Structures are given as structure tokens and as C-alpha cells.
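For reference, work_19.cif (mmCIF, C-alpha atoms):
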```cif
data_data
loop_
_atom_site.label_atom_id
_atom_site.label_comp_id
_atom_site.auth_asym_id
_atom_site.auth_seq_id
_atom_site.Cartn_x
_atom_site.Cartn_y
_atom_site.Cartn_z
CA MET A 1 203.08 92.48 183.02
CA GLU A 2 204.22 89.70 180.76
CA SER A 3 201.45 87.47 182.05
CA HIS A 4 198.82 90.07 181.12
CA LEU A 5 200.30 90.40 177.63
CA VAL A 6 200.28 86.65 177.16
CA PHE A 7 196.59 86.54 178.29
CA ILE A 8 195.60 89.26 175.85
CA VAL A 9 197.41 87.62 172.92
CA SER A 10 195.94 84.21 173.77
CA SER A 11 192.43 85.61 174.02
CA THR A 12 192.81 87.41 170.68
CA LEU A 13 194.05 84.28 168.92
CA LEU A 14 191.22 82.23 170.44
CA LEU A 15 188.64 84.68 169.19
CA LEU A 16 190.14 84.65 165.68
CA PHE A 17 190.17 80.86 165.46
CA SER A 18 186.62 80.64 166.84
CA SER A 19 185.28 83.14 164.27
CA SER A 20 187.01 81.33 161.39
CA ALA A 21 185.67 77.93 162.44
CA PHE A 22 182.11 79.28 162.78
CA ALA A 23 182.29 80.87 159.35
CA GLN A 24 183.34 77.54 157.80
CA THR A 25 180.73 75.40 159.53
CA ALA A 26 177.78 77.77 159.26
CA SER A 27 175.66 77.05 156.13
CA PRO A 28 174.32 79.91 154.09
CA PRO A 29 170.66 80.65 154.66
CA SER A 30 168.40 78.82 152.21
CA ALA A 31 166.57 80.90 149.64
CA SER A 32 162.85 81.37 150.30
CA PRO A 33 160.63 79.23 148.00
CA THR A 34 158.92 80.93 145.08
CA LEU A 35 155.18 81.24 145.75
CA THR A 36 152.82 80.65 142.80
CA PRO A 37 150.10 83.29 142.83
CA THR A 38 146.60 81.79 143.19
CA PRO A 39 144.19 82.78 140.45
CA ALA A 40 141.53 85.27 141.36
CA PRO A 41 138.08 83.74 141.89
CA ALA A 42 135.67 84.07 138.97
CA PRO A 43 133.21 86.87 139.48
CA ALA A 44 129.83 85.68 140.66
CA PRO A 45 127.03 86.07 138.12
CA GLU A 46 124.95 89.14 138.60
CA TYR A 47 121.80 88.58 140.60
CA VAL A 48 118.75 88.61 138.32
CA ASN A 49 115.56 90.10 139.71
CA LEU A 50 112.72 88.44 137.80
CA THR A 51 110.06 90.64 139.39
CA TYR A 52 111.81 93.74 138.11
CA LEU A 53 112.32 92.28 134.63
CA LEU A 54 108.68 91.24 134.24
CA SER A 55 107.49 94.59 135.58
CA VAL A 56 109.41 96.77 133.13
CA ALA A 57 109.84 94.51 130.10
CA GLY A 58 106.26 94.36 128.87
CA PRO A 59 102.57 93.92 129.66
CA PHE A 60 103.07 90.83 131.84
CA ASN A 61 101.20 92.00 134.92
CA THR A 62 98.72 89.09 134.96
CA PHE A 63 101.43 86.43 134.81
CA LEU A 64 103.46 88.26 137.47
CA LYS A 65 100.40 88.62 139.73
CA TYR A 66 99.71 84.88 139.58
CA ALA A 67 103.40 84.07 140.11
CA GLN A 68 103.58 86.26 143.20
CA SER A 69 100.31 85.06 144.75
CA THR A 70 101.35 81.39 144.40
CA LYS A 71 105.02 82.08 145.32
CA VAL A 72 106.09 80.54 142.01
CA ILE A 73 108.22 83.65 141.46
CA GLU A 74 110.44 82.48 144.34
CA THR A 75 110.90 79.06 142.73
CA LEU A 76 111.86 80.65 139.41
CA GLN A 77 114.14 83.13 141.18
CA ASN A 78 115.97 80.33 143.00
CA GLN A 79 116.40 78.37 139.76
CA ALA A 80 117.84 81.45 138.06
CA ASN A 81 120.35 82.51 140.67
CA ASN A 82 121.19 79.45 142.75
CA THR A 83 121.71 76.72 140.13
CA ASP A 84 124.20 76.15 137.35
CA GLN A 85 121.48 75.41 134.77
CA GLY A 86 119.56 78.69 134.82
CA VAL A 87 115.96 79.04 133.66
CA THR A 88 113.92 79.71 130.51
CA ILE A 89 110.48 81.30 130.94
CA PHE A 90 107.67 81.70 128.38
CA VAL A 91 105.48 84.65 129.38
CA PRO A 92 102.03 85.38 127.85
CA LYS A 93 100.94 88.99 127.53
CA ASP A 94 97.99 90.31 129.51
CA ASP A 95 95.82 90.16 126.35
CA ALA A 96 96.41 86.41 126.15
CA PHE A 97 94.84 85.94 129.59
CA LYS A 98 91.94 88.24 128.73
CA SER A 99 91.12 86.30 125.56
CA LEU A 100 91.11 83.01 127.45
CA LYS A 101 87.38 82.24 127.74
CA LYS A 102 87.31 78.46 127.86
CA PRO A 103 88.70 76.82 129.87
CA SER A 104 88.73 79.37 132.67
CA LEU A 105 91.52 79.66 135.23
CA SER A 106 89.14 80.80 137.96
CA ASN A 107 88.12 77.22 138.80
CA LEU A 108 91.68 75.95 139.35
CA THR A 109 92.97 75.03 142.78
CA ASN A 110 96.08 76.74 144.12
CA ASP A 111 98.23 73.68 143.32
CA GLN A 112 96.85 73.51 139.78
CA LEU A 113 97.59 77.19 139.27
CA LYS A 114 101.16 76.63 140.48
CA SER A 115 101.58 73.78 138.01
CA LEU A 116 100.14 75.92 135.23
CA LEU A 117 102.69 78.68 135.88
CA LEU A 118 105.62 76.27 136.23
CA PHE A 119 104.47 74.74 132.93
CA HIS A 120 105.73 78.00 131.38
CA ALA A 121 109.34 77.39 132.48
CA LEU A 122 112.20 75.05 131.58
CA PRO A 123 114.83 74.27 134.24
CA GLN A 124 117.70 75.38 132.00
CA TYR A 125 118.80 78.44 130.08
CA TYR A 126 118.22 78.19 126.30
CA SER A 127 119.03 80.79 123.70
CA LEU A 128 116.76 81.01 120.66
CA ALA A 129 119.38 79.28 118.52
CA GLU A 130 119.42 76.27 120.85
CA PHE A 131 115.74 75.46 120.30
CA THR A 132 116.62 73.84 116.97
CA ASN A 133 118.23 71.06 119.03
CA LEU A 134 115.06 70.51 121.09
CA THR A 135 112.64 69.62 118.31
CA ALA A 136 113.25 65.86 118.44
CA ASN A 137 111.91 65.16 121.94
CA SER A 138 109.41 66.53 124.41
CA GLN A 139 110.94 68.79 127.05
CA THR A 140 109.96 68.44 130.70
CA THR A 141 108.98 71.72 132.31
CA MET A 142 109.47 72.79 135.92
CA ALA A 143 105.95 71.54 136.67
CA GLY A 144 107.12 67.92 136.53
CA GLY A 145 107.17 64.81 134.38
CA GLN A 146 103.57 64.97 133.12
CA TYR A 147 103.99 68.56 131.98
CA THR A 148 105.96 68.55 128.74
CA LEU A 149 106.33 70.93 125.81
CA ASN A 150 107.20 70.28 122.18
CA PHE A 151 109.09 72.73 120.00
CA THR A 152 109.23 73.21 116.25
CA ASP A 153 111.32 75.58 114.20
CA LYS A 154 109.46 77.04 111.22
CA SER A 155 111.62 79.27 109.07
CA GLY A 156 113.58 80.48 112.07
CA THR A 157 110.50 81.08 114.27
CA VAL A 158 110.16 78.91 117.38
CA HIS A 159 106.69 77.41 117.94
CA VAL A 160 105.58 75.91 121.26
CA GLU A 161 103.08 73.02 121.28
CA THR A 162 101.16 72.20 124.46
CA GLY A 163 98.64 69.62 123.23
CA TRP A 164 95.84 72.14 123.47
CA ALA A 165 97.26 74.69 121.10
CA THR A 166 100.35 75.86 119.26
CA THR A 167 101.78 79.33 119.78
CA LYS A 168 104.93 81.07 118.67
CA VAL A 169 107.72 82.89 120.43
CA SER A 170 106.96 86.42 119.30
CA SER A 171 109.92 88.20 120.91
CA SER A 172 112.89 87.84 123.23
CA VAL A 173 112.38 89.85 126.43
CA HIS A 174 115.68 88.92 128.11
CA SER A 175 118.30 86.42 127.00
CA THR A 176 121.47 86.56 129.06
CA ASP A 177 122.73 83.46 130.84
CA PRO A 178 121.40 82.31 133.30
CA VAL A 179 117.93 83.74 132.49
CA ALA A 180 115.95 83.69 129.24
CA ILE A 181 112.48 85.23 129.04
CA TYR A 182 110.45 84.88 125.82
CA GLN A 183 107.06 86.37 125.00
CA VAL A 184 104.39 83.98 123.66
CA ASP A 185 101.02 84.78 122.10
CA LYS A 186 98.87 82.34 124.12
CA VAL A 187 98.59 80.96 127.63
CA LEU A 188 100.17 77.49 127.72
CA LEU A 189 97.47 75.04 128.85
CA PRO A 190 98.66 71.56 129.96
CA GLU A 191 96.68 68.42 129.22
CA ALA A 192 97.60 67.17 132.71
CA ILE A 193 95.17 69.75 134.13
CA PHE A 194 92.55 70.28 131.42
CA GLY A 195 92.52 66.78 129.91
CA THR A 196 92.48 65.87 126.24
CA ASP A 197 88.88 66.93 125.56
CA ILE A 198 89.87 70.04 123.63
CA PRO A 199 86.86 72.23 122.73
CA PRO A 200 86.38 72.09 118.96
CA THR A 201 86.21 75.21 116.91
CA ALA A 202 82.67 76.34 116.06
CA ALA A 203 81.46 74.59 112.91
CA PRO A 204 79.16 76.37 110.44
CA ALA A 205 75.45 75.62 110.88
CA PRO A 206 74.22 72.91 108.46
CA SER A 207 71.85 73.96 105.72
CA PRO A 208 68.24 72.70 106.17
CA ASP A 209 67.34 69.53 104.25
CA LEU A 210 65.00 70.09 101.30
CA ALA A 211 61.99 67.76 101.22
CA PRO A 212 61.47 65.77 97.96
CA ALA A 213 59.06 67.32 95.50
CA ALA A 214 56.68 64.34 95.74
CA ASP A 215 56.26 64.87 99.49
CA ALA A 216 55.69 68.60 99.28
CA PRO A 217 52.11 69.65 100.10
CA LYS A 218 50.08 71.03 97.25
CA THR A 219 49.52 74.72 97.25
CA ALA A 220 46.49 76.63 96.08
CA ASP A 221 48.22 77.39 92.79
CA THR A 222 48.96 73.71 92.27
CA GLU A 223 45.32 72.79 92.87
CA ALA A 224 44.14 75.51 90.54
CA LYS A 225 46.42 74.28 87.76
CA SER A 226 45.44 70.61 88.14
CA PRO A 227 42.91 69.34 85.49
CA ALA A 228 39.23 69.04 86.41
CA SER A 229 39.29 65.30 85.80
CA SER A 230 41.64 64.87 88.71
CA SER A 231 38.88 65.96 91.14
CA PRO A 232 36.77 63.02 92.41
CA GLY A 233 33.56 65.11 92.67
CA ASN A 234 33.76 66.43 89.13
CA SER A 235 34.44 62.92 87.77
CA SER A 236 31.31 61.44 89.38
CA SER A 237 29.05 64.27 88.09
CA ASN A 238 30.30 63.81 84.58
CA LYS A 239 29.59 60.08 84.71
CA ILE A 240 25.98 60.65 85.88
CA ILE A 241 25.29 63.24 83.15
CA SER A 242 26.72 60.95 80.48
CA LEU A 243 24.61 58.03 81.68
CA GLY A 244 21.37 60.08 81.63
CA PHE A 245 22.04 61.34 78.11
CA GLY A 246 22.69 57.78 76.87
CA ASN A 247 19.43 56.45 78.30
CA SER A 248 17.41 59.24 76.68
CA PHE A 249 19.00 58.55 73.31
CA VAL A 250 18.14 54.80 73.53
CA LEU A 251 14.50 55.53 74.41
CA ALA A 252 14.18 57.93 71.49
CA ILE A 253 15.46 55.30 69.03
CA SER A 254 13.16 52.65 70.43
CA GLY A 255 10.11 54.96 70.10
CA GLY A 256 10.92 55.72 66.46
CA LEU A 257 11.17 52.09 65.53
CA ALA A 258 7.82 51.33 67.13
CA LEU A 259 6.09 54.03 65.05
CA LEU A 260 7.51 52.55 61.84
CA PHE A 261 6.06 49.11 62.45
CA LEU A 262 2.62 50.49 63.20
#
```
Could you write out this file's structure as C-alpha cells?
Amino acid sequence: MESHLVFIVSSTLLLLFSSSAFAQTASPPSASPTLTPTPAPAPAPEYVNLTYLLSVAGPFNTFLKYAQSTKVIETLQNQANNTDQGVTIFVPKDDAFKSLKKPSLSNLTNDQLKSLLLFHALPQYYSLAEFTNLTANSQTTMAGGQYTLNFTDKSGTVHVETGWATTKVSSSVHSTDPVAIYQVDKVLLPEAIFGTDIPPTAAPAPSPDLAPAADAPKTADTEAKSPASSSPGNSSSNKIISLGFGNSFVLAISGGLALLFL
């Protein structure tokens, strides 16, 4: 009995000492590190559908038709939505294409037509206010190095110079980064395609040269008013009559003198 009591007491003391030693040696759990929240990703720019914009914004059906047939619309669409620069497009109205008589676009090859359409676009987004910073140098279009545009700012109105003609930006169709679409009054014709032999404007017809008065042929009135002595036939007749009268007068004098001496 005593042995069992001693075993129980010994076991109890052993458990107490073991628990106390474990409590002293065990380190407190480390605090979990503070996590810095990652910023939310910036929202992606809204996809811009150029076909839809050109269809509903104005009478740009001719430009859109050419852009779709040559697949230039895909190039412009990619520049607008898949680059950081964006795109600026100058779009002529349908009337501008209709009034284009010379040169004609019907004789262009497919590659030339592509270049012509890309000549209407800059590979960067520009607001109207930013064109004042572009007047110093020529700007290369999406058609390539030979296809450049010049810009001037006249009293707040942006004018586009192609070499063939100068036209103005008449209105802003869409101007939200990354796409700017501006309406222009004329089709932009590049010298790289049509050359520098620009058809001159029609000059007024010259007035006919007046012949000098001395070279003018005489009219019937002029001949009627000229004196009779100016006619060769009349002059000869007068000389013959005068000569005959003189001879008769001399003979008469001579006959009178002969009668006196008889």
C-alpha cells in the first residue's frame, strides 16, 4: 500500500516538474508578418471600334469602304488598341471624294491605295491643342518616311498641308485617348504617289492681239474716203488730158503769130 502511494506521489511530482520545465523552455509563437496589400491593376482602356465610329459619326462611307477593302482598317484598329501611342486619323467626307476629278483614284494599285489611306493617319494620339507643337517640323504618317504632313495653326484652326493642297480640320469627330478622329475638307494626296506636277488652276483665256492700224486692210469705206489723186488710174488720165490741152494752146499761139507777120 505504501509502495503504491509513493509511486503515485512520485508520478505526480514528475508531471509537475516536466510541465514547468516545458513552459519555461517553450518560446511564444511568433506573430504573423503584416502583408502589404498589392494595388489593384489599372483598368484596361476600353476597346475602340473604328468601324462603328466611322459608320455613325458622319458621312465617311467612302473612306471606310476603301479602308475595309484594303484591310487598312485592321492596321488602324491595331494601332489604336494594342499600342501605347494611339492613333490620329484625318477623315474626308464623301463629298470630298466625289469632287476629286484629277487625279483619279481609280488608276491606283492596291498598294498605292493602302499608302494613300495610311497617309491620313498619324501613329500617335493628338488632341487639337497639341497641334500647335507640331508646326515646326513635318510629321511622318503611318504610310512611311516619304509620306509626311505639315501643320499650321491659323487663329486656332488647324490646317493640314500635303504638298498638293492645304485643307483645314473642320470638326472633331472623336477625341478620347487613344483615338482621335478629325474631319477634313479634302482628300489628302501625297506627292510620293502623284508626284510634284500639280495641275495648275485654269487661267483666264488671253485677249486676242489687235493688229496695228497700218497693217489693217482697207475697207470699202476707207477706199471711198481716199482722195481721187491717190488712185493710179485717175492720176494717169489727168496727166494725159493736161498734156493735150497744153499742146493745143501752144499751136494756137503759134498760128496767131504767123498771121501777124503776114
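When the PyMOL selection byres ((chain A and resi 109-112) around 12) is run on the displayed coordinates, the residues it returns are Tyr66, Ala67, Ser69, Thr70, Lys71, Val72, Ser104, Leu105, Ser106, Asn107, Leu108, Leu113, Lys114, Ser115, Leu116, Leu117, Leu118, Phe119, Ala143, Tyr147, Leu189, Pro190, Glu191, Ala192, Ile193 and Phe194 of chain A.
Note that CA of Lys101 (chain A) and CA of Val187 (chain A) are 11.3 Å apart.
For the residues A:Thr148, A:Thr51, A:Ser172, A:Asn78, ranking by smallest atom-to-atom distance to Phe90 (chain A) using only C-alpha atoms places A:Ser172 first.
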On this structure, which residues satisfy the PyMOL selection byres ((chain A and resi 54-64) around 8), written as a PyMOL selection string? chain A and resi 50-53+65-68+73+91-94+97+117+173
Write out as a ChimeraX atom specification the residues lying within 10 Å of Gln79 (chain A), counting only C-alpha atoms and excluding same-chain residues fewer than 4 positions away. /A:73-75,83-88,122-125,142,178-179
Can you list, as a PDB file with C-alpha atoms, keeping the file's coordinate frame, every protein, DNA or RNA residue that comes within 12 Å of Asn133 (chain A) when you count all atoms listed in the file, leaving out same-chain residues fewer than 4 positions away?
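Just written: part_32.pdb:
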```
ATOM      1  CA  TYR A 126     118.220  78.190 126.300  1.00  0.00           C
ATOM      2  CA  SER A 127     119.030  80.790 123.700  1.00  0.00           C
ATOM      3  CA  LEU A 128     116.760  81.010 120.660  1.00  0.00           C
ATOM      4  CA  ALA A 129     119.380  79.280 118.520  1.00  0.00           C
ATOM      5  CA  ASN A 137     111.910  65.160 121.940  1.00  0.00           C
ATOM      6  CA  SER A 138     109.410  66.530 124.410  1.00  0.00           C
ATOM      7  CA  GLN A 139     110.940  68.790 127.050  1.00  0.00           C
ATOM      8  CA  ASN A 150     107.200  70.280 122.180  1.00  0.00           C
ATOM      9  CA  PHE A 151     109.090  72.730 120.000  1.00  0.00           C
ATOM     10  CA  THR A 152     109.230  73.210 116.250  1.00  0.00           C
ATOM     11  CA  ASP A 153     111.320  75.580 114.200  1.00  0.00           C
ATOM     12  CA  VAL A 158     110.160  78.910 117.380  1.00  0.00           C
TER      13      VAL A 158
END
```
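Relative to CA of Lys186 (chain A), CA of Pro103 (chain A) is found at 12.9 Å.
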I need the residue set behind the PyMOL selection byres ((chain A and resi 167-169) around 9) for this file; please write it as a ChimeraX atom specification. /A:90,157-162,165-166,170-172,182-188
Store the residues picked out above, limited to C-alpha atoms, as a tab-separated table (two decimals), in the coordinates of the input.
```
chain	number	residue	atom	x	y	z
A	90	PHE	CA	107.67	81.70	128.38
A	157	THR	CA	110.50	81.08	114.27
A	158	VAL	CA	110.16	78.91	117.38
A	159	HIS	CA	106.69	77.41	117.94
A	160	VAL	CA	105.58	75.91	121.26
A	161	GLU	CA	103.08	73.02	121.28
A	162	THR	CA	101.16	72.20	124.46
A	165	ALA	CA	97.26	74.69	121.10
A	166	THR	CA	100.35	75.86	119.26
A	170	SER	CA	106.96	86.42	119.30
A	171	SER	CA	109.92	88.20	120.91
A	172	SER	CA	112.89	87.84	123.23
A	182	TYR	CA	110.45	84.88	125.82
A	183	GLN	CA	107.06	86.37	125.00
A	184	VAL	CA	104.39	83.98	123.66
A	185	ASP	CA	101.02	84.78	122.10
A	186	LYS	CA	98.87	82.34	124.12
A	187	VAL	CA	98.59	80.96	127.63
A	188	LEU	CA	100.17	77.49	127.72
```
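Distance-wise, CA of Gln77 (chain A) and CA of Val48 (chain A) end up 7.7 Å apart.
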